[in-house]
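Below is one structure, written out as structure tokens; comments come after it.
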Amino acid sequence: YRKELRNYKIAVLPGDGVGPEVVSEAVKVLKHIGNRFHINFEFIQDLIGGAAIDQFGEALPAHTLETCKLSDAVLLGSVGGPKWDDLTGEKRPEKALLGLRKGLNLYANIRPAMMYESLKGACPLKSERISDGFDICVVRELTGGIYFGKRGTKVNTSGYDEAYDIESYSSEEVRRIGIEAFEIAMKRKKKVISVDKANVLESSRLWRKEMDILSKKYPEVSLEHMYVDNAAMQLIKSPSQFDVIVTSNMFGDILSDEASMLTGSIGMLPSASLGSTKKGLFEPIHGSAPDIAGLDIANPIATILSAAMMLRHSFGCDLEAGTIEKAVETVLNSGFRTVDIFENGKKLVGTTEMGDLIVKAI
Ligand code: ATP
Ligand code: MG
């Protein structure tokens, strides 16, 4: 370990539903890592989502965004729930996420999906398809493309309603998400598959061209292009061929959900949203799970692994991140399971117990 004291300020936004339960386990793990590796974490907690609506009348109060801007990274639980389902427009708890991404200029969404040997049974694919396992990292462009392009409706010359959404990317937008993907690949198996639809879309042709230019700067990383329809098929056919997938906002939306289903449990999957600075937003991919909130049964691993991603991507603490990931694997290999990943013959544990076991394994 390094002797000098490292200091990091972390904004902690527990949010709604199971959010506070899983976030407190991740904070527990981070505190333990801090002690063990001589890192000084300062946690600044604030409200977001429904919890913020109840107290301040808005899902993303200015002080919450300010707290995030003043921090080195943000750890988020989840937002929303039946209590706020009738709210519309800017008042919706989920709007806070868009506000955070925009406010922090986070344009890259990183979602790893890996198979744990001990959870093989949860994968919906036939065992021969996953005999080599898989460890995929989807890098999705988050603030451009068709979701943010010009859109509208009109009546066409034949009198029919017509609607359009424009997919547009600038070379700069493609380059910056590409750099993110190549940098991540450098720390992994050094293989990038760029997914597009360049046989049909002009924006995909620009995407492909920029990725080719970029790949010259990363001679150690191999770059392959794949059409999105083929990628969707290959993910099911042979997931082990993938390392890093880089793709546009819409293709990434779809492929990252597909990839996450391969692992079999939503309670295991972390995510990161990154921008041009080291500051990132780290959260589990699952929602607020109101059906199990308050019962101490939610799986905290997705959030704990999100904290590991924070260490790696925002603080450059690769060793410490790896230590958390290893500890999670150890606990799973010892047969401990939360309810979402439970199988007969395994030991059922709750949220806090799982957190404690991971701390102990560290
Ligand atoms: P959102 O609309 O917020 O994206 P959702 O309502 O589609 O989310 P979740 O809130 O993620 O989905 O919950 C989907 C299902 O998965 C629920 O039955 C929930 O209990 C379960 N689930 C989600 N997260 C966890 C977890 N960490 N541990 C155990 N079960 C979970
Ligand atoms: Mg939900």
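Chain labels follow the order of the structure tokens: the first chain is A, the next B, and so on; residue numbering restarts at 1 in every chain, and ligands are counted from 1 in their shown order.
Identified as lying at most 6 Å from ligand 1 when counting only C-alpha atoms and all ligand atoms are the residues Ile266, Gly267, His286, Gly287, Ser288, Ala289, Asp291, Ile292, Ala298, Asn299, Pro300 and Asp340 of chain A.
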Output of the above residues as a tab-separated table (two decimals), in the first residue's frame, restricted to N, CA and C atoms:
chain	number	residue	atom	x	y	z
A	266	ILE	N	-30.34	-9.10	-10.82
A	266	ILE	CA	-30.27	-7.65	-10.82
A	266	ILE	C	-29.60	-7.11	-9.55
A	267	GLY	N	-29.62	-7.91	-8.50
A	267	GLY	CA	-29.05	-7.47	-7.22
A	267	GLY	C	-27.54	-7.50	-7.15
A	286	HIS	N	-30.16	-1.81	-10.20
A	286	HIS	CA	-31.55	-2.07	-9.80
A	286	HIS	C	-32.24	-0.81	-9.29
A	287	GLY	N	-33.57	-0.88	-9.22
A	287	GLY	CA	-34.36	0.25	-8.76
A	287	GLY	C	-34.56	0.21	-7.25
A	288	SER	N	-35.57	0.93	-6.79
A	288	SER	CA	-35.76	1.09	-5.35
A	288	SER	C	-36.43	-0.13	-4.72
A	289	ALA	N	-36.86	-1.09	-5.53
A	289	ALA	CA	-37.43	-2.35	-5.05
A	289	ALA	C	-38.38	-2.16	-3.86
A	291	ASP	N	-41.06	-3.36	-3.09
A	291	ASP	CA	-41.68	-4.59	-2.55
A	291	ASP	C	-40.87	-5.24	-1.44
A	292	ILE	N	-39.58	-4.95	-1.37
A	292	ILE	CA	-38.78	-5.58	-0.31
A	292	ILE	C	-38.10	-4.55	0.60
A	298	ALA	N	-32.71	-7.08	0.98
A	298	ALA	CA	-32.17	-6.69	-0.33
A	298	ALA	C	-30.70	-7.08	-0.43
A	299	ASN	N	-30.27	-7.42	-1.62
A	299	ASN	CA	-28.88	-7.75	-1.88
A	299	ASN	C	-28.05	-6.46	-1.96
A	300	PRO	N	-27.08	-6.26	-1.10
A	300	PRO	CA	-26.28	-5.03	-1.15
A	300	PRO	C	-25.08	-5.13	-2.09
A	340	ASP	N	-32.50	-12.99	-3.39
A	340	ASP	CA	-32.58	-12.92	-4.85
A	340	ASP	C	-31.68	-13.92	-5.55
Taking the chain letters and numbering used in this document, name the residues of region 37-129 of chain A that DSSP puts in helix (DSSP H, G or I), as an mmCIF file with N, CA and C atoms, in the first residue's frame.
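Produced file states.cif, reproduced below:
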data_model
loop_
_atom_site.group_PDB
_atom_site.id
_atom_site.type_symbol
_atom_site.label_atom_id
_atom_site.label_comp_id
_atom_site.auth_asym_id
_atom_site.auth_seq_id
_atom_site.Cartn_x
_atom_site.Cartn_y
_atom_site.Cartn_z
ATOM 1 N N PHE A 37 -6.486 0.384 4.300
ATOM 2 C CA PHE A 37 -5.514 0.850 3.307
ATOM 3 C C PHE A 37 -5.095 2.305 3.507
ATOM 4 N N GLY A 50 -37.632 10.714 -4.007
ATOM 5 C CA GLY A 50 -38.840 10.886 -3.214
ATOM 6 C C GLY A 50 -38.549 11.466 -1.834
ATOM 7 N N ALA A 51 -37.452 11.022 -1.239
ATOM 8 C CA ALA A 51 -37.076 11.523 0.091
ATOM 9 C C ALA A 51 -36.879 13.035 0.052
ATOM 10 N N ALA A 52 -36.318 13.536 -1.040
ATOM 11 C CA ALA A 52 -36.096 14.982 -1.176
ATOM 12 C C ALA A 52 -37.411 15.706 -1.479
ATOM 13 N N ILE A 53 -38.286 15.041 -2.244
ATOM 14 C CA ILE A 53 -39.595 15.631 -2.532
ATOM 15 C C ILE A 53 -40.376 15.829 -1.230
ATOM 16 N N ASP A 54 -40.362 14.813 -0.379
ATOM 17 C CA ASP A 54 -41.077 14.897 0.900
ATOM 18 C C ASP A 54 -40.576 16.051 1.762
ATOM 19 N N GLN A 55 -39.276 16.238 1.772
ATOM 20 C CA GLN A 55 -38.727 17.248 2.673
ATOM 21 C C GLN A 55 -38.612 18.634 2.048
ATOM 22 N N PHE A 56 -38.282 18.698 0.754
ATOM 23 C CA PHE A 56 -38.007 20.004 0.135
ATOM 24 C C PHE A 56 -38.899 20.321 -1.059
ATOM 25 N N ALA A 62 -31.201 22.084 -5.003
ATOM 26 C CA ALA A 62 -29.939 22.722 -5.408
ATOM 27 C C ALA A 62 -28.790 22.318 -4.491
ATOM 28 N N HIS A 63 -29.081 22.179 -3.174
ATOM 29 C CA HIS A 63 -27.970 21.845 -2.265
ATOM 30 C C HIS A 63 -27.459 20.424 -2.481
ATOM 31 N N THR A 64 -28.343 19.534 -2.950
ATOM 32 C CA THR A 64 -27.896 18.159 -3.233
ATOM 33 C C THR A 64 -26.933 18.160 -4.413
ATOM 34 N N LEU A 65 -27.313 18.873 -5.470
ATOM 35 C CA LEU A 65 -26.429 18.969 -6.632
ATOM 36 C C LEU A 65 -25.106 19.634 -6.244
ATOM 37 N N GLU A 66 -25.198 20.653 -5.391
ATOM 38 C CA GLU A 66 -24.010 21.372 -4.933
ATOM 39 C C GLU A 66 -23.078 20.419 -4.165
ATOM 40 N N THR A 67 -23.673 19.624 -3.268
ATOM 41 C CA THR A 67 -22.904 18.634 -2.513
ATOM 42 C C THR A 67 -22.145 17.716 -3.470
ATOM 43 N N CYS A 68 -22.836 17.281 -4.527
ATOM 44 C CA CYS A 68 -22.205 16.384 -5.507
ATOM 45 C C CYS A 68 -21.069 17.078 -6.238
ATOM 46 N N LYS A 69 -21.305 18.350 -6.598
ATOM 47 C CA LYS A 69 -20.280 19.089 -7.337
ATOM 48 C C LYS A 69 -19.025 19.306 -6.489
ATOM 49 N N PRO A 82 -43.880 3.743 -5.127
ATOM 50 C CA PRO A 82 -45.321 3.947 -5.331
ATOM 51 C C PRO A 82 -45.846 5.255 -4.729
ATOM 52 N N LYS A 83 -45.233 5.700 -3.642
ATOM 53 C CA LYS A 83 -45.688 6.917 -2.980
ATOM 54 C C LYS A 83 -45.655 8.131 -3.907
ATOM 55 N N TRP A 84 -44.724 8.128 -4.859
ATOM 56 C CA TRP A 84 -44.550 9.296 -5.734
ATOM 57 C C TRP A 84 -44.959 9.006 -7.175
ATOM 58 N N GLY A 89 -43.916 15.009 -14.694
ATOM 59 C CA GLY A 89 -42.942 15.979 -15.202
ATOM 60 C C GLY A 89 -41.723 16.116 -14.301
ATOM 61 N N GLU A 90 -41.338 17.351 -14.056
ATOM 62 C CA GLU A 90 -40.119 17.644 -13.293
ATOM 63 C C GLU A 90 -40.183 17.117 -11.871
ATOM 64 N N LYS A 91 -41.393 16.872 -11.402
ATOM 65 C CA LYS A 91 -41.569 16.433 -10.018
ATOM 66 C C LYS A 91 -41.248 14.960 -9.808
ATOM 67 N N LYS A 95 -36.519 12.077 -12.311
ATOM 68 C CA LYS A 95 -35.945 13.256 -12.977
ATOM 69 C C LYS A 95 -34.642 13.686 -12.323
ATOM 70 N N ALA A 96 -34.493 13.330 -11.046
ATOM 71 C CA ALA A 96 -33.281 13.695 -10.315
ATOM 72 C C ALA A 96 -32.044 13.076 -10.965
ATOM 73 N N LEU A 97 -32.210 11.873 -11.537
ATOM 74 C CA LEU A 97 -31.074 11.195 -12.159
ATOM 75 C C LEU A 97 -30.589 11.949 -13.387
ATOM 76 N N LEU A 98 -31.567 12.358 -14.227
ATOM 77 C CA LEU A 98 -31.198 13.120 -15.424
ATOM 78 C C LEU A 98 -30.518 14.427 -15.019
ATOM 79 N N GLY A 99 -31.064 15.062 -13.974
ATOM 80 C CA GLY A 99 -30.490 16.321 -13.481
ATOM 81 C C GLY A 99 -29.058 16.135 -12.992
ATOM 82 N N LEU A 100 -28.821 15.039 -12.308
ATOM 83 C CA LEU A 100 -27.473 14.756 -11.800
ATOM 84 C C LEU A 100 -26.493 14.516 -12.947
ATOM 85 N N ARG A 101 -26.919 13.671 -13.906
ATOM 86 C CA ARG A 101 -26.049 13.362 -15.045
ATOM 87 C C ARG A 101 -25.690 14.632 -15.803
ATOM 88 N N LYS A 102 -26.717 15.452 -16.026
ATOM 89 C CA LYS A 102 -26.506 16.695 -16.758
ATOM 90 C C LYS A 102 -25.656 17.662 -15.954
ATOM 91 N N GLY A 103 -26.023 17.803 -14.677
ATOM 92 C CA GLY A 103 -25.335 18.757 -13.811
ATOM 93 C C GLY A 103 -23.859 18.425 -13.635
ATOM 94 N N GLU A 117 -18.599 -17.805 -10.953
ATOM 95 C CA GLU A 117 -18.590 -19.262 -11.028
ATOM 96 C C GLU A 117 -19.674 -19.859 -10.123
ATOM 97 N N SER A 118 -19.803 -19.303 -8.920
ATOM 98 C CA SER A 118 -20.737 -19.891 -7.947
ATOM 99 C C SER A 118 -22.198 -19.531 -8.232
ATOM 100 N N LEU A 119 -22.429 -18.617 -9.187
ATOM 101 C CA LEU A 119 -23.815 -18.258 -9.528
ATOM 102 C C LEU A 119 -24.174 -18.715 -10.952
ATOM 103 N N LYS A 120 -23.374 -19.628 -11.475
ATOM 104 C CA LYS A 120 -23.562 -20.120 -12.835
ATOM 105 C C LYS A 120 -25.010 -20.556 -13.092
ATOM 106 N N GLY A 121 -25.599 -21.164 -12.068
ATOM 107 C CA GLY A 121 -26.963 -21.685 -12.192
ATOM 108 C C GLY A 121 -27.989 -20.610 -12.486
ATOM 109 N N ALA A 122 -27.666 -19.361 -12.162
ATOM 110 C CA ALA A 122 -28.625 -18.274 -12.358
ATOM 111 C C ALA A 122 -28.630 -17.766 -13.794
ATOM 112 N N SER A 127 -25.469 -24.356 -20.338
ATOM 113 C CA SER A 127 -24.148 -24.383 -19.700
ATOM 114 C C SER A 127 -23.004 -24.438 -20.710
ATOM 115 N N GLU A 128 -23.224 -25.071 -21.891
ATOM 116 C CA GLU A 128 -22.098 -25.125 -22.843
ATOM 117 C C GLU A 128 -21.774 -23.737 -23.421
ATOM 118 N N ARG A 129 -22.752 -22.846 -23.402
ATOM 119 C CA ARG A 129 -22.494 -21.492 -23.918
ATOM 120 C C ARG A 129 -21.667 -20.658 -22.937
#
Restrict the calculation to only C-alpha atoms, then for each residue of region 60-175 of chain A with any atom at most 7 Å from an atom of region 253-260 of chain A give the closest atom pair and their distance in Å to one decimal, rows by chain and rising residue number, as CSV.
residue,atom,partner,partner_atom,distance
A:Arg111,CA,A:Ser256,CA,6.8
A:Ala113,CA,A:Ser260,CA,5.5
A:Val138,CA,A:Ser256,CA,6.1
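Take CA of Val192 (chain A) and CA of Arg176 (chain A): the distance between them is 14.6 Å.
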Fill in: Which residue of A:Val328, A:Pro290, A:Lys31, A:Val228 approaches ligand 2 most closely, using only C-alpha atoms and all ligand atoms
A:Pro290
Taking 3 positions as the minimum chain separation for residues in the same chain, which residues sit within 12 Å of Phe242 (chain A) when counting only C-alpha atoms? Answer as a PDB file with N, CA and C atoms, in the first residue's frame.
ATOM      1  N   PRO A 112     -20.614  -3.211 -16.035  1.00  0.00           N
ATOM      2  CA  PRO A 112     -20.000  -4.528 -16.150  1.00  0.00           C
ATOM      3  C   PRO A 112     -21.041  -5.605 -15.914  1.00  0.00           C
ATOM      4  N   ALA A 113     -20.915  -6.709 -16.605  1.00  0.00           N
ATOM      5  CA  ALA A 113     -21.771  -7.873 -16.374  1.00  0.00           C
ATOM      6  C   ALA A 113     -20.872  -9.089 -16.420  1.00  0.00           C
ATOM      7  N   MET A 114     -20.656  -9.691 -15.287  1.00  0.00           N
ATOM      8  CA  MET A 114     -19.778 -10.853 -15.282  1.00  0.00           C
ATOM      9  C   MET A 114     -20.451 -12.052 -14.646  1.00  0.00           C
ATOM     10  N   ASP A 132     -16.816 -21.003 -20.746  1.00  0.00           N
ATOM     11  CA  ASP A 132     -15.652 -20.121 -20.558  1.00  0.00           C
ATOM     12  C   ASP A 132     -15.971 -18.931 -19.658  1.00  0.00           C
ATOM     13  N   GLY A 133     -17.179 -18.882 -19.113  1.00  0.00           N
ATOM     14  CA  GLY A 133     -17.572 -17.730 -18.308  1.00  0.00           C
ATOM     15  C   GLY A 133     -17.738 -16.505 -19.178  1.00  0.00           C
ATOM     16  N   PHE A 134     -17.948 -15.348 -18.569  1.00  0.00           N
ATOM     17  CA  PHE A 134     -17.917 -14.095 -19.322  1.00  0.00           C
ATOM     18  C   PHE A 134     -17.699 -12.946 -18.368  1.00  0.00           C
ATOM     19  N   ASP A 135     -17.103 -11.904 -18.886  1.00  0.00           N
ATOM     20  CA  ASP A 135     -16.810 -10.708 -18.101  1.00  0.00           C
ATOM     21  C   ASP A 135     -16.856  -9.539 -19.081  1.00  0.00           C
ATOM     22  N   ILE A 136     -18.029  -8.937 -19.161  1.00  0.00           N
ATOM     23  CA  ILE A 136     -18.294  -7.927 -20.190  1.00  0.00           C
ATOM     24  C   ILE A 136     -18.439  -6.563 -19.537  1.00  0.00           C
ATOM     25  N   CYS A 137     -17.947  -5.538 -20.218  1.00  0.00           N
ATOM     26  CA  CYS A 137     -18.149  -4.190 -19.710  1.00  0.00           C
ATOM     27  C   CYS A 137     -18.773  -3.348 -20.830  1.00  0.00           C
ATOM     28  N   VAL A 138     -20.014  -2.957 -20.645  1.00  0.00           N
ATOM     29  CA  VAL A 138     -20.685  -2.138 -21.652  1.00  0.00           C
ATOM     30  C   VAL A 138     -20.428  -0.662 -21.353  1.00  0.00           C
ATOM     31  N   ALA A 185     -10.453  -0.585 -21.419  1.00  0.00           N
ATOM     32  CA  ALA A 185      -9.921  -1.817 -22.016  1.00  0.00           C
ATOM     33  C   ALA A 185      -8.462  -2.041 -21.631  1.00  0.00           C
ATOM     34  N   ARG A 188      -8.226  -4.025 -18.726  1.00  0.00           N
ATOM     35  CA  ARG A 188      -8.900  -5.324 -18.804  1.00  0.00           C
ATOM     36  C   ARG A 188      -8.192  -6.213 -19.826  1.00  0.00           C
ATOM     37  N   LYS A 189      -8.977  -6.842 -20.727  1.00  0.00           N
ATOM     38  CA  LYS A 189      -8.359  -7.774 -21.674  1.00  0.00           C
ATOM     39  C   LYS A 189      -7.939  -7.104 -22.972  1.00  0.00           C
ATOM     40  N   LYS A 190      -7.991  -5.784 -22.997  1.00  0.00           N
ATOM     41  CA  LYS A 190      -7.491  -4.993 -24.139  1.00  0.00           C
ATOM     42  C   LYS A 190      -8.194  -5.332 -25.448  1.00  0.00           C
ATOM     43  N   LYS A 191      -9.519  -5.472 -25.347  1.00  0.00           N
ATOM     44  CA  LYS A 191     -10.293  -5.780 -26.548  1.00  0.00           C
ATOM     45  C   LYS A 191     -11.559  -4.922 -26.554  1.00  0.00           C
ATOM     46  N   VAL A 192     -11.689  -4.081 -27.576  1.00  0.00           N
ATOM     47  CA  VAL A 192     -12.878  -3.245 -27.692  1.00  0.00           C
ATOM     48  C   VAL A 192     -13.702  -3.715 -28.886  1.00  0.00           C
ATOM     49  N   ILE A 193     -14.985  -3.934 -28.666  1.00  0.00           N
ATOM     50  CA  ILE A 193     -15.897  -4.165 -29.782  1.00  0.00           C
ATOM     51  C   ILE A 193     -16.826  -2.958 -29.848  1.00  0.00           C
ATOM     52  N   SER A 194     -16.739  -2.238 -30.959  1.00  0.00           N
ATOM     53  CA  SER A 194     -17.578  -1.064 -31.149  1.00  0.00           C
ATOM     54  C   SER A 194     -18.833  -1.494 -31.912  1.00  0.00           C
ATOM     55  N   VAL A 195     -19.976  -1.186 -31.344  1.00  0.00           N
ATOM     56  CA  VAL A 195     -21.237  -1.654 -31.925  1.00  0.00           C
ATOM     57  C   VAL A 195     -21.969  -0.498 -32.601  1.00  0.00           C
ATOM     58  N   SER A 222      -7.080  -4.211 -29.188  1.00  0.00           N
ATOM     59  CA  SER A 222      -7.658  -4.600 -30.472  1.00  0.00           C
ATOM     60  C   SER A 222      -9.052  -3.998 -30.597  1.00  0.00           C
ATOM     61  N   LEU A 223      -9.372  -3.530 -31.793  1.00  0.00           N
ATOM     62  CA  LEU A 223     -10.690  -2.949 -32.051  1.00  0.00           C
ATOM     63  C   LEU A 223     -11.395  -3.757 -33.126  1.00  0.00           C
ATOM     64  N   GLU A 224     -12.628  -4.096 -32.839  1.00  0.00           N
ATOM     65  CA  GLU A 224     -13.450  -4.806 -33.825  1.00  0.00           C
ATOM     66  C   GLU A 224     -14.765  -4.049 -33.928  1.00  0.00           C
ATOM     67  N   HIS A 225     -15.335  -3.986 -35.140  1.00  0.00           N
ATOM     68  CA  HIS A 225     -16.650  -3.367 -35.311  1.00  0.00           C
ATOM     69  C   HIS A 225     -17.691  -4.463 -35.456  1.00  0.00           C
ATOM     70  N   MET A 226     -18.854  -4.211 -34.904  1.00  0.00           N
ATOM     71  CA  MET A 226     -19.915  -5.218 -35.002  1.00  0.00           C
ATOM     72  C   MET A 226     -21.248  -4.499 -35.202  1.00  0.00           C
ATOM     73  N   ALA A 231     -24.477  -8.101 -32.714  1.00  0.00           N
ATOM     74  CA  ALA A 231     -24.021  -8.044 -31.316  1.00  0.00           C
ATOM     75  C   ALA A 231     -25.074  -8.619 -30.374  1.00  0.00           C
ATOM     76  N   ALA A 232     -26.342  -8.294 -30.653  1.00  0.00           N
ATOM     77  CA  ALA A 232     -27.429  -8.809 -29.811  1.00  0.00           C
ATOM     78  C   ALA A 232     -27.437 -10.332 -29.850  1.00  0.00           C
ATOM     79  N   GLN A 234     -24.737 -12.318 -30.789  1.00  0.00           N
ATOM     80  CA  GLN A 234     -23.483 -12.862 -30.254  1.00  0.00           C
ATOM     81  C   GLN A 234     -23.452 -12.878 -28.724  1.00  0.00           C
ATOM     82  N   LEU A 235     -24.127 -11.919 -28.104  1.00  0.00           N
ATOM     83  CA  LEU A 235     -24.157 -11.873 -26.629  1.00  0.00           C
ATOM     84  C   LEU A 235     -24.785 -13.131 -26.060  1.00  0.00           C
ATOM     85  N   ILE A 236     -25.760 -13.668 -26.787  1.00  0.00           N
ATOM     86  CA  ILE A 236     -26.433 -14.889 -26.345  1.00  0.00           C
ATOM     87  C   ILE A 236     -25.650 -16.121 -26.794  1.00  0.00           C
ATOM     88  N   LYS A 237     -25.104 -16.027 -28.018  1.00  0.00           N
ATOM     89  CA  LYS A 237     -24.436 -17.174 -28.620  1.00  0.00           C
ATOM     90  C   LYS A 237     -23.111 -17.489 -27.941  1.00  0.00           C
ATOM     91  N   SER A 238     -22.281 -16.471 -27.764  1.00  0.00           N
ATOM     92  CA  SER A 238     -20.994 -16.731 -27.109  1.00  0.00           C
ATOM     93  C   SER A 238     -20.505 -15.479 -26.378  1.00  0.00           C
ATOM     94  N   PRO A 239     -21.018 -15.287 -25.174  1.00  0.00           N
ATOM     95  CA  PRO A 239     -20.714 -14.062 -24.426  1.00  0.00           C
ATOM     96  C   PRO A 239     -19.244 -13.916 -24.057  1.00  0.00           C
ATOM     97  N   ILE A 245     -17.526  -3.387 -24.671  1.00  0.00           N
ATOM     98  CA  ILE A 245     -18.427  -3.002 -25.758  1.00  0.00           C
ATOM     99  C   ILE A 245     -18.613  -1.494 -25.662  1.00  0.00           C
ATOM    100  N   VAL A 246     -18.375  -0.782 -26.761  1.00  0.00           N
ATOM    101  CA  VAL A 246     -18.655   0.660 -26.740  1.00  0.00           C
ATOM    102  C   VAL A 246     -19.719   0.951 -27.779  1.00  0.00           C
ATOM    103  N   ALA A 259     -27.133  -7.720 -21.654  1.00  0.00           N
ATOM    104  CA  ALA A 259     -25.943  -8.270 -20.996  1.00  0.00           C
ATOM    105  C   ALA A 259     -26.208  -8.528 -19.511  1.00  0.00           C
TER     106      ALA A 259
END
Closest-contact table, region 258-282 of chain A side, partner region 141-153 of chain A, 12 Å, counting only C-alpha atoms, as CSV:
residue,atom,partner,partner_atom,distance
A:Ala272,CA,A:Leu142,CA,11.2
A:Ser273,CA,A:Leu142,CA,8.3
A:Leu274,CA,A:Leu142,CA,9.4
A:Gly275,CA,A:Leu142,CA,9.8
With N, CA and C atoms retained, could you export that selection as a PDB file, in the first residue's frame?
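The result, written out as again.pdb:
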ATOM      1  N   ALA A 272     -21.452   2.733 -13.281  1.00  0.00           N
ATOM      2  CA  ALA A 272     -20.788   4.012 -13.088  1.00  0.00           C
ATOM      3  C   ALA A 272     -21.185   4.933 -14.221  1.00  0.00           C
ATOM      4  N   SER A 273     -21.345   6.214 -13.915  1.00  0.00           N
ATOM      5  CA  SER A 273     -21.507   7.216 -14.963  1.00  0.00           C
ATOM      6  C   SER A 273     -20.362   8.198 -14.823  1.00  0.00           C
ATOM      7  N   LEU A 274     -19.625   8.378 -15.938  1.00  0.00           N
ATOM      8  CA  LEU A 274     -18.403   9.171 -15.883  1.00  0.00           C
ATOM      9  C   LEU A 274     -18.413  10.292 -16.904  1.00  0.00           C
ATOM     10  N   GLY A 275     -17.581  11.290 -16.656  1.00  0.00           N
ATOM     11  CA  GLY A 275     -17.456  12.408 -17.589  1.00  0.00           C
ATOM     12  C   GLY A 275     -15.995  12.704 -17.855  1.00  0.00           C
TER      13      GLY A 275
END
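Listed by chain and then by rising number, the residues of region 92-153 of chain A that DSSP assigns to strand (DSSP E or B) from the backbone are Leu106, Tyr107, Ala108, Asn109, Ile110, Arg111, Pro112, Ala113, Met114, Asp135, Ile136, Cys137, Val138, Val139, Arg140, Glu141, Arg151, Gly152 and Thr153 of chain A.
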Worksheet item: CA of Ala26 (chain A) and CA of Val349 (chain A), how far apart in Å?
Response: 16.3 Å
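Note that the spacing between CA of Gly19 (chain A) and CA of Ile341 (chain A) amounts to 18.5 Å.
Minimum atom-to-atom distance to ligand 2, evaluated using only C-alpha atoms and all ligand atoms, belongs to A:Ala293 out of A:Ala293, A:Lys216, A:Asp196, A:Lys187.
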